[in-house]
Amino acid sequence: MKEHSNLIVLAGGASSRMKKQVSPDKGLSAEDIKQANERSKGLIAVGNEGRPMMDYVLYNAKRAGYTHIYIVIGEQGDLFREFYGNKERDNEFRGLKISFAIQYIPEGRVKPFGTADAVFQALEQFPELNNASYTVCNSDNLYSVEALTALKKTKSPNAFIGYDRDAMLFPMVRISRFALAKLDNDGHLLDIIEKPSESEVERYRDASGKLRVSMNAFTFDGAMMYPYIKNCPVHPERNEKELPTALLNMLKDYPGSAIGIPFSEHVPDLTAKEDILEVKEFLRKNYPQLDWESV
């Protein structure tokens, strides 16, 4: 597969868990709580000088060599345009070209229709992606430069970052809810197992003895994946169209065409209000300033 420079960032979700109430003893400021309730997670100010999480995602993306960024926003996504440009496509932001796809909510639904639907709507609005390869990631996770680079440079048509579950710095109760990836001895994806029981877990160790989880960071061959994203069925429990479902359906027709790229590192995550202070501390320690000019 040819190296690509396209990154789709998913930022149109409903952020339901972020909007749940939090006890006062968590140490959040009134402004933290206000932003958590009102903003998309990627726009919550967690960095230096009130910069949002999305700045750090874009910074690492630029360092990894991506140039064309497609941010999938909700219908009320005007604040993204205030930060990153008010044109539909090719806004210039610190050397990146940023375009916006809107994830419209279908009639009869209150919330967006899931990650596969978000990517599908981006592909419909920017069909050139169907003739290219592209990476997909969340706006509320900070993936390392190395992980984003690995997705950009992979020789496999499709890939995801398979994170070592033991390297994650989340509470065990949270980690135990992550879906596990089942890989063959060469790292090809065979299956994704949701909510595995404790007795099942041991059966899913990879060739190096690690349990691998996905944090929604993928690379797809546009032409190969398009029909499976378009026709992704609705998840029976969550009532959403999800990327892992589309990927597994594609693998039924193209076995061996997706790999798990092994990584052992933590991925900061802004899922709920309780995560805000931890992410702020991580950024303070690891990103004291963003030196865009040297990238």
# chains A, B, ... in the order shown; residues from 1 in each chain; ligands from 1
call {"tool": "closest_atom_pairs", "arguments": {"of": "region 14-90 of chain A", "to": "region 141-155 of chain A", "cutoff": "7 Å", "atoms": "only C-alpha atoms", "output": "CSV"}}
result
residue,atom,partner,partner_atom,distance
A:Tyr56,CA,A:Leu142,CA,6.9
A:Val57,CA,A:Leu142,CA,5.6
A:Asn60,CA,A:Val145,CA,5.1
A:Ala61,CA,A:Leu148,CA,6.6
A:Arg63,CA,A:Val145,CA,6.3
A:Ala64,CA,A:Thr149,CA,4.9
call {"tool": "write_last_selection", "arguments": {"atoms": "C-alpha atoms", "output": "mmCIF file, in the first residue's frame"}}
result
data_model
loop_
_atom_site.group_PDB
_atom_site.id
_atom_site.type_symbol
_atom_site.label_atom_id
_atom_site.label_comp_id
_atom_site.auth_asym_id
_atom_site.auth_seq_id
_atom_site.Cartn_x
_atom_site.Cartn_y
_atom_site.Cartn_z
ATOM 1 C CA TYR A 56 -2.591 18.211 20.332
ATOM 2 C CA VAL A 57 -4.163 15.615 18.040
ATOM 3 C CA ASN A 60 0.975 14.919 16.523
ATOM 4 C CA ALA A 61 -0.686 14.319 13.152
ATOM 5 C CA ARG A 63 4.601 15.534 13.186
ATOM 6 C CA ALA A 64 3.635 12.136 11.759
#
call {"tool": "residues_around", "arguments": {"residues": "Pro268 (chain A)", "least_positions_apart": "2", "cutoff": "12 Å", "atoms": "only C-alpha atoms", "output": "ChimeraX atom specification"}}
result
/A:46,53,56-57,138-144,167-170,215,265-266,270-272,275-283,286
call {"tool": "residues_around", "arguments": {"residues": "Gly77 (chain A)", "least_positions_apart": "4", "cutoff": "12 Å", "atoms": "only C-alpha atoms", "output": "JSON, numbers by chain"}}
result
{"A": [11, 12, 13, 14, 38, 39, 40, 41, 42, 43, 71, 72, 73, 81, 82, 83, 84, 85, 86, 88, 100, 101, 102, 103, 104]}
call {"tool": "select_by_dssp", "arguments": {"residues": "region 135-237 of chain A", "states": "alpha helix (DSSP H)", "output": "PyMOL selection string"}}
result
chain A and resi 145-153+172-175+198-201+222-230
call {"tool": "closest_residue", "arguments": {"among": "A:Lys97, A:Lys20, A:His235, A:Lys230", "to": "Asn130 (chain A)", "atoms": "only C-alpha atoms"}}
result
A:Lys230
call {"tool": "closest_residue", "arguments": {"among": "A:Cys137, A:Ser156, A:Tyr163, A:Lys182", "to": "Val119 (chain A)", "atoms": "only C-alpha atoms"}}
result
A:Cys137
call {"tool": "residues_around", "arguments": {"residues": "Asn239 (chain A)", "least_positions_apart": "2", "cutoff": "12 Å", "atoms": "only C-alpha atoms", "output": "VMD selection string"}}
result
chain A and resid 109 to 115 117 232 to 237 241 to 242
call {"tool": "write_last_selection", "arguments": {"atoms": "all heavy atoms", "output": "compact mmCIF listing (two decimals), in the first residue's frame"}}
result
# COMPACT_ATOMS: atom_id res chain seq x y z
N ARG A 109 -33.88 9.89 14.90
CA ARG A 109 -32.85 9.65 15.91
C ARG A 109 -32.53 10.94 16.65
O ARG A 109 -32.65 12.03 16.10
CB ARG A 109 -31.56 9.13 15.26
CG ARG A 109 -31.60 7.66 14.91
CD ARG A 109 -30.24 7.21 14.40
NE ARG A 109 -29.21 7.26 15.44
CZ ARG A 109 -28.90 6.25 16.24
NH1 ARG A 109 -29.54 5.11 16.15
NH2 ARG A 109 -27.94 6.38 17.14
N VAL A 110 -32.09 10.77 17.90
CA VAL A 110 -31.68 11.92 18.70
C VAL A 110 -30.17 12.10 18.62
O VAL A 110 -29.67 13.23 18.60
CB VAL A 110 -32.12 11.73 20.17
CG1 VAL A 110 -31.65 12.91 21.03
CG2 VAL A 110 -33.63 11.56 20.26
N LYS A 111 -29.45 10.98 18.57
CA LYS A 111 -27.98 11.02 18.59
C LYS A 111 -27.42 10.59 17.24
O LYS A 111 -28.10 9.94 16.45
CB LYS A 111 -27.46 10.07 19.68
CG LYS A 111 -27.87 10.47 21.09
CD LYS A 111 -26.99 9.81 22.14
CE LYS A 111 -26.95 8.30 22.05
NZ LYS A 111 -26.18 7.69 23.15
N PRO A 112 -26.15 10.93 16.98
CA PRO A 112 -25.50 10.45 15.76
C PRO A 112 -25.50 8.93 15.69
O PRO A 112 -25.69 8.24 16.69
CB PRO A 112 -24.07 10.99 15.88
CG PRO A 112 -24.17 12.14 16.82
CD PRO A 112 -25.27 11.81 17.78
N PHE A 113 -25.24 8.41 14.48
CA PHE A 113 -25.46 6.99 14.20
C PHE A 113 -24.18 6.16 14.31
O PHE A 113 -24.11 5.06 13.77
CB PHE A 113 -26.06 6.84 12.80
CG PHE A 113 -27.10 5.75 12.69
CD1 PHE A 113 -27.90 5.66 11.56
CD2 PHE A 113 -27.29 4.81 13.70
CE1 PHE A 113 -28.86 4.66 11.45
CE2 PHE A 113 -28.25 3.82 13.59
CZ PHE A 113 -29.03 3.73 12.46
N GLY A 114 -23.14 6.68 14.98
CA GLY A 114 -21.98 5.85 15.24
C GLY A 114 -20.79 6.17 14.36
O GLY A 114 -20.84 6.99 13.43
N THR A 115 -19.66 5.47 14.65
CA THR A 115 -18.39 5.79 14.00
C THR A 115 -18.37 5.41 12.51
O THR A 115 -17.79 6.12 11.70
CB THR A 115 -17.23 5.09 14.73
OG1 THR A 115 -17.51 3.69 14.85
CG2 THR A 115 -17.02 5.69 16.11
N ASP A 117 -20.95 5.38 10.55
CA ASP A 117 -21.77 6.40 9.89
C ASP A 117 -21.00 7.70 9.74
O ASP A 117 -21.10 8.38 8.71
CB ASP A 117 -23.05 6.63 10.70
CG ASP A 117 -23.91 7.74 10.13
OD1 ASP A 117 -24.47 7.55 9.04
OD2 ASP A 117 -23.99 8.82 10.75
N CYS A 232 -22.80 -0.87 6.59
CA CYS A 232 -22.57 -1.37 7.95
C CYS A 232 -23.90 -1.57 8.69
O CYS A 232 -24.71 -0.64 8.77
CB CYS A 232 -21.70 -0.37 8.71
SG CYS A 232 -21.27 -0.93 10.38
N PRO A 233 -24.13 -2.76 9.22
CA PRO A 233 -25.37 -2.98 9.98
C PRO A 233 -25.33 -2.28 11.34
O PRO A 233 -24.26 -1.92 11.84
CB PRO A 233 -25.41 -4.51 10.14
CG PRO A 233 -23.99 -4.94 10.05
CD PRO A 233 -23.30 -3.97 9.13
N VAL A 234 -26.50 -2.12 11.91
CA VAL A 234 -26.63 -1.45 13.22
C VAL A 234 -26.28 -2.45 14.32
O VAL A 234 -26.75 -3.59 14.31
CB VAL A 234 -28.06 -0.92 13.41
CG1 VAL A 234 -28.21 -0.25 14.77
CG2 VAL A 234 -28.41 0.05 12.28
N HIS A 235 -25.44 -2.01 15.27
CA HIS A 235 -25.08 -2.87 16.40
C HIS A 235 -26.34 -3.15 17.23
O HIS A 235 -27.06 -2.22 17.62
CB HIS A 235 -24.03 -2.18 17.27
CG HIS A 235 -23.43 -3.07 18.30
ND1 HIS A 235 -24.09 -3.42 19.47
CD2 HIS A 235 -22.23 -3.71 18.34
CE1 HIS A 235 -23.31 -4.21 20.18
NE2 HIS A 235 -22.18 -4.41 19.52
N PRO A 236 -26.63 -4.43 17.52
CA PRO A 236 -27.90 -4.76 18.18
C PRO A 236 -28.06 -4.17 19.58
O PRO A 236 -29.18 -3.87 19.99
CB PRO A 236 -27.88 -6.30 18.23
CG PRO A 236 -26.44 -6.68 18.04
CD PRO A 236 -25.83 -5.61 17.20
N GLU A 237 -26.95 -4.00 20.31
CA GLU A 237 -27.06 -3.46 21.67
C GLU A 237 -26.97 -1.94 21.69
O GLU A 237 -27.77 -1.27 22.33
CB GLU A 237 -25.95 -4.03 22.56
CG GLU A 237 -26.18 -5.46 22.99
CD GLU A 237 -25.03 -5.96 23.86
OE1 GLU A 237 -24.48 -5.17 24.65
OE2 GLU A 237 -24.68 -7.15 23.72
N LYS A 241 -23.94 2.29 14.11
CA LYS A 241 -23.11 1.65 13.10
C LYS A 241 -21.64 1.90 13.48
O LYS A 241 -21.23 3.05 13.57
CB LYS A 241 -23.40 2.23 11.72
CG LYS A 241 -24.85 2.02 11.27
CD LYS A 241 -25.09 2.64 9.91
CE LYS A 241 -26.53 2.42 9.47
NZ LYS A 241 -26.78 2.96 8.10
N GLU A 242 -20.88 0.83 13.70
CA GLU A 242 -19.55 0.97 14.28
C GLU A 242 -18.47 0.44 13.35
O GLU A 242 -18.65 -0.57 12.67
CB GLU A 242 -19.51 0.24 15.63
CG GLU A 242 -20.53 0.80 16.62
CD GLU A 242 -20.45 0.16 17.99
OE1 GLU A 242 -20.08 -1.03 18.06
OE2 GLU A 242 -20.75 0.84 18.98
call {"tool": "closest_residue", "arguments": {"among": "A:Leu189, A:Ile105, A:Ile175, A:Ile8", "to": "Gly256 (chain A)", "atoms": "only C-alpha atoms"}}
result
A:Leu189
call {"tool": "atom_distance", "arguments": {"atom1": "CA of Ser199 (chain A)", "atom2": "CA of Leu183 (chain A)"}}
result
18.2 Å
call {"tool": "residues_around", "arguments": {"residues": "Phe178 (chain A)", "least_positions_apart": "3", "cutoff": "9 Å", "atoms": "only C-alpha atoms", "output": "PyMOL selection string"}}
result
chain A and resi 165+174-175+193-196+213-215
call {"tool": "write_last_selection", "arguments": {"atoms": "all heavy atoms", "output": "PDB file, in the first residue's frame"}}
result
ATOM      1  N   ARG A 165      -2.806  -4.148  26.460  1.00  0.00           N
ATOM      2  CA  ARG A 165      -3.770  -3.774  27.497  1.00  0.00           C
ATOM      3  C   ARG A 165      -3.096  -3.452  28.819  1.00  0.00           C
ATOM      4  O   ARG A 165      -3.531  -2.566  29.554  1.00  0.00           O
ATOM      5  CB  ARG A 165      -4.797  -4.908  27.683  1.00  0.00           C
ATOM      6  CG  ARG A 165      -6.061  -4.463  28.390  1.00  0.00           C
ATOM      7  CD  ARG A 165      -7.093  -5.563  28.438  1.00  0.00           C
ATOM      8  NE  ARG A 165      -6.873  -6.478  29.548  1.00  0.00           N
ATOM      9  CZ  ARG A 165      -7.825  -7.233  30.075  1.00  0.00           C
ATOM     10  NH1 ARG A 165      -9.055  -7.211  29.589  1.00  0.00           N
ATOM     11  NH2 ARG A 165      -7.557  -8.038  31.083  1.00  0.00           N
ATOM     12  N   ARG A 174     -12.228  -0.143  33.983  1.00  0.00           N
ATOM     13  CA  ARG A 174     -12.423   0.479  32.663  1.00  0.00           C
ATOM     14  C   ARG A 174     -11.769  -0.365  31.565  1.00  0.00           C
ATOM     15  O   ARG A 174     -12.355  -0.597  30.510  1.00  0.00           O
ATOM     16  CB  ARG A 174     -11.832   1.885  32.696  1.00  0.00           C
ATOM     17  CG  ARG A 174     -12.035   2.718  31.439  1.00  0.00           C
ATOM     18  CD  ARG A 174     -11.723   4.157  31.789  1.00  0.00           C
ATOM     19  NE  ARG A 174     -11.687   5.037  30.664  1.00  0.00           N
ATOM     20  CZ  ARG A 174     -11.435   6.337  30.766  1.00  0.00           C
ATOM     21  NH1 ARG A 174     -11.191   6.881  31.948  1.00  0.00           N
ATOM     22  NH2 ARG A 174     -11.419   7.115  29.697  1.00  0.00           N
ATOM     23  N   ILE A 175     -10.553  -0.815  31.834  1.00  0.00           N
ATOM     24  CA  ILE A 175      -9.832  -1.620  30.846  1.00  0.00           C
ATOM     25  C   ILE A 175     -10.592  -2.906  30.533  1.00  0.00           C
ATOM     26  O   ILE A 175     -10.621  -3.357  29.387  1.00  0.00           O
ATOM     27  CB  ILE A 175      -8.411  -1.937  31.358  1.00  0.00           C
ATOM     28  CG1 ILE A 175      -7.563  -0.660  31.347  1.00  0.00           C
ATOM     29  CG2 ILE A 175      -7.752  -3.022  30.525  1.00  0.00           C
ATOM     30  CD1 ILE A 175      -6.184  -0.818  31.955  1.00  0.00           C
ATOM     31  N   ILE A 193     -13.506  -9.079  19.956  1.00  0.00           N
ATOM     32  CA  ILE A 193     -14.413  -9.662  20.952  1.00  0.00           C
ATOM     33  C   ILE A 193     -14.797  -8.588  21.958  1.00  0.00           C
ATOM     34  O   ILE A 193     -13.953  -8.049  22.673  1.00  0.00           O
ATOM     35  CB  ILE A 193     -13.743 -10.862  21.679  1.00  0.00           C
ATOM     36  CG1 ILE A 193     -13.370 -11.940  20.668  1.00  0.00           C
ATOM     37  CG2 ILE A 193     -14.680 -11.445  22.730  1.00  0.00           C
ATOM     38  CD1 ILE A 193     -11.984 -11.814  20.111  1.00  0.00           C
ATOM     39  N   GLU A 194     -16.078  -8.263  21.993  1.00  0.00           N
ATOM     40  CA  GLU A 194     -16.552  -7.244  22.914  1.00  0.00           C
ATOM     41  C   GLU A 194     -16.838  -7.848  24.288  1.00  0.00           C
ATOM     42  O   GLU A 194     -17.302  -8.981  24.397  1.00  0.00           O
ATOM     43  CB  GLU A 194     -17.833  -6.608  22.369  1.00  0.00           C
ATOM     44  CG  GLU A 194     -17.630  -5.850  21.072  1.00  0.00           C
ATOM     45  CD  GLU A 194     -18.937  -5.284  20.574  1.00  0.00           C
ATOM     46  OE1 GLU A 194     -19.662  -4.718  21.398  1.00  0.00           O
ATOM     47  OE2 GLU A 194     -19.220  -5.408  19.371  1.00  0.00           O
ATOM     48  N   LYS A 195     -16.584  -7.071  25.315  1.00  0.00           N
ATOM     49  CA  LYS A 195     -16.906  -7.460  26.690  1.00  0.00           C
ATOM     50  C   LYS A 195     -16.549  -8.913  26.983  1.00  0.00           C
ATOM     51  O   LYS A 195     -17.403  -9.708  27.382  1.00  0.00           O
ATOM     52  CB  LYS A 195     -18.402  -7.225  26.959  1.00  0.00           C
ATOM     53  CG  LYS A 195     -18.817  -5.783  26.817  1.00  0.00           C
ATOM     54  CD  LYS A 195     -20.311  -5.622  27.048  1.00  0.00           C
ATOM     55  CE  LYS A 195     -20.763  -4.201  26.819  1.00  0.00           C
ATOM     56  NZ  LYS A 195     -22.216  -4.047  26.821  1.00  0.00           N
ATOM     57  N   PRO A 196     -15.302  -9.309  26.786  1.00  0.00           N
ATOM     58  CA  PRO A 196     -14.936 -10.702  27.064  1.00  0.00           C
ATOM     59  C   PRO A 196     -15.014 -10.991  28.563  1.00  0.00           C
ATOM     60  O   PRO A 196     -14.697 -10.136  29.383  1.00  0.00           O
ATOM     61  CB  PRO A 196     -13.489 -10.784  26.570  1.00  0.00           C
ATOM     62  CG  PRO A 196     -12.978  -9.378  26.656  1.00  0.00           C
ATOM     63  CD  PRO A 196     -14.144  -8.488  26.383  1.00  0.00           C
ATOM     64  N   VAL A 213      -5.885  -4.326  22.549  1.00  0.00           N
ATOM     65  CA  VAL A 213      -7.149  -3.593  22.485  1.00  0.00           C
ATOM     66  C   VAL A 213      -7.034  -2.506  21.430  1.00  0.00           C
ATOM     67  O   VAL A 213      -5.951  -2.028  21.099  1.00  0.00           O
ATOM     68  CB  VAL A 213      -7.532  -2.973  23.851  1.00  0.00           C
ATOM     69  CG1 VAL A 213      -7.692  -4.057  24.905  1.00  0.00           C
ATOM     70  CG2 VAL A 213      -6.512  -1.941  24.303  1.00  0.00           C
ATOM     71  N   SER A 214      -8.186  -2.126  20.899  1.00  0.00           N
ATOM     72  CA  SER A 214      -8.242  -1.044  19.910  1.00  0.00           C
ATOM     73  C   SER A 214      -8.721   0.229  20.583  1.00  0.00           C
ATOM     74  O   SER A 214      -9.622   0.202  21.409  1.00  0.00           O
ATOM     75  CB  SER A 214      -9.212  -1.417  18.783  1.00  0.00           C
ATOM     76  OG  SER A 214      -9.530  -0.283  18.006  1.00  0.00           O
ATOM     77  N   MET A 215      -8.099   1.349  20.226  1.00  0.00           N
ATOM     78  CA  MET A 215      -8.558   2.667  20.692  1.00  0.00           C
ATOM     79  C   MET A 215      -9.040   3.486  19.497  1.00  0.00           C
ATOM     80  O   MET A 215      -8.886   4.700  19.437  1.00  0.00           O
ATOM     81  CB  MET A 215      -7.417   3.397  21.425  1.00  0.00           C
ATOM     82  CG  MET A 215      -6.979   2.727  22.713  1.00  0.00           C
ATOM     83  SD  MET A 215      -8.214   2.747  24.028  1.00  0.00           S
ATOM     84  CE  MET A 215      -8.113   4.463  24.554  1.00  0.00           C
TER      85      MET A 215
END
call {"tool": "residues_around", "arguments": {"residues": "Pro227 (chain A)", "least_positions_apart": "6", "cutoff": "12 Å", "atoms": "only C-alpha atoms", "output": "CSV table (one decimal) with C-alpha atoms, in the first residue's frame"}}
result
chain,number,residue,atom,x,y,z
A,116,ALA,CA,-19.0,3.9,10.7
A,119,VAL,CA,-16.8,7.9,8.3
A,120,PHE,CA,-19.5,7.2,5.6
A,123,LEU,CA,-16.6,9.7,2.4
A,124,GLU,CA,-19.8,11.0,0.7
A,130,ASN,CA,-12.5,6.4,-1.8
A,221,ASP,CA,-7.9,1.2,1.8
A,233,PRO,CA,-25.4,-3.0,10.0
A,246,ALA,CA,-17.6,-2.8,9.0
A,247,LEU,CA,-14.0,-4.0,9.3
A,249,ASN,CA,-17.5,-7.8,7.5
A,250,MET,CA,-14.8,-6.7,5.1
A,253,ASP,CA,-14.5,-11.3,1.9
call {"tool": "select_by_dssp", "arguments": {"residues": "region 128-284 of chain A", "states": "strand (DSSP E)", "output": "ChimeraX atom specification"}}
result
/A:133-138,158-164,180-183,189-193,212-221,258-263
call {"tool": "decode", "arguments": {"residues": "region 53-81 of chain A", "atoms": "N, CA and C atoms", "output": "short mmCIF file (atom, residue, chain, number, x, y, z; two decimals), in the first residue's frame"}}
result
data_model
loop_
_atom_site.label_atom_id
_atom_site.label_comp_id
_atom_site.auth_asym_id
_atom_site.auth_seq_id
_atom_site.Cartn_x
_atom_site.Cartn_y
_atom_site.Cartn_z
N MET A 53 -7.99 19.92 23.25
CA MET A 53 -7.40 18.60 22.96
C MET A 53 -7.09 18.45 21.47
N MET A 54 -7.97 18.97 20.62
CA MET A 54 -7.80 18.81 19.18
C MET A 54 -6.47 19.39 18.70
N ASP A 55 -6.00 20.47 19.31
CA ASP A 55 -4.71 21.04 18.92
C ASP A 55 -3.60 20.00 19.03
N TYR A 56 -3.65 19.19 20.07
CA TYR A 56 -2.59 18.21 20.33
C TYR A 56 -2.71 17.03 19.36
N VAL A 57 -3.95 16.66 19.05
CA VAL A 57 -4.16 15.62 18.04
C VAL A 57 -3.59 16.08 16.69
N LEU A 58 -3.88 17.33 16.33
CA LEU A 58 -3.39 17.87 15.05
C LEU A 58 -1.88 18.03 15.07
N TYR A 59 -1.34 18.43 16.19
CA TYR A 59 0.11 18.61 16.32
C TYR A 59 0.83 17.28 16.08
N ASN A 60 0.35 16.23 16.73
CA ASN A 60 0.98 14.92 16.52
C ASN A 60 0.76 14.41 15.10
N ALA A 61 -0.42 14.72 14.54
CA ALA A 61 -0.69 14.32 13.15
C ALA A 61 0.29 14.99 12.20
N LYS A 62 0.55 16.27 12.41
CA LYS A 62 1.50 16.98 11.55
C LYS A 62 2.90 16.40 11.71
N ARG A 63 3.28 16.12 12.95
CA ARG A 63 4.60 15.53 13.19
C ARG A 63 4.73 14.15 12.53
N ALA A 64 3.61 13.46 12.40
CA ALA A 64 3.64 12.14 11.76
C ALA A 64 3.59 12.23 10.24
N GLY A 65 3.41 13.44 9.70
CA GLY A 65 3.45 13.61 8.26
C GLY A 65 2.12 13.71 7.56
N TYR A 66 1.02 13.77 8.30
CA TYR A 66 -0.28 13.98 7.65
C TYR A 66 -0.41 15.44 7.23
N THR A 67 -1.04 15.66 6.09
CA THR A 67 -1.21 17.03 5.60
C THR A 67 -2.68 17.39 5.38
N HIS A 68 -3.51 16.40 5.05
CA HIS A 68 -4.93 16.65 4.77
C HIS A 68 -5.77 16.05 5.90
N ILE A 69 -6.42 16.94 6.64
CA ILE A 69 -7.21 16.54 7.81
C ILE A 69 -8.69 16.77 7.52
N TYR A 70 -9.49 15.76 7.77
CA TYR A 70 -10.94 15.86 7.59
C TYR A 70 -11.59 15.68 8.96
N ILE A 71 -12.11 16.75 9.52
CA ILE A 71 -12.72 16.67 10.84
C ILE A 71 -14.22 16.47 10.67
N VAL A 72 -14.73 15.38 11.23
CA VAL A 72 -16.18 15.11 11.17
C VAL A 72 -16.82 15.76 12.38
N ILE A 73 -17.67 16.75 12.12
CA ILE A 73 -18.31 17.51 13.20
C ILE A 73 -19.82 17.31 13.16
N GLY A 74 -20.49 17.68 14.25
CA GLY A 74 -21.94 17.61 14.28
C GLY A 74 -22.56 18.82 13.58
N GLU A 75 -23.86 18.79 13.49
CA GLU A 75 -24.56 19.89 12.82
C GLU A 75 -24.40 21.22 13.57
N GLN A 76 -24.09 21.13 14.86
CA GLN A 76 -23.87 22.34 15.66
C GLN A 76 -22.37 22.58 15.87
N GLY A 77 -21.57 22.31 14.88
CA GLY A 77 -20.11 22.34 15.06
C GLY A 77 -19.45 23.66 14.76
N ASP A 78 -20.15 24.77 14.98
CA ASP A 78 -19.60 26.07 14.59
C ASP A 78 -18.31 26.42 15.34
N LEU A 79 -18.17 25.94 16.58
CA LEU A 79 -16.98 26.29 17.35
C LEU A 79 -15.71 25.73 16.70
N PHE A 80 -15.82 24.57 16.04
CA PHE A 80 -14.67 24.03 15.32
C PHE A 80 -14.19 25.02 14.26
N ARG A 81 -15.14 25.67 13.59
CA ARG A 81 -14.78 26.61 12.53
C ARG A 81 -14.10 27.84 13.12
#
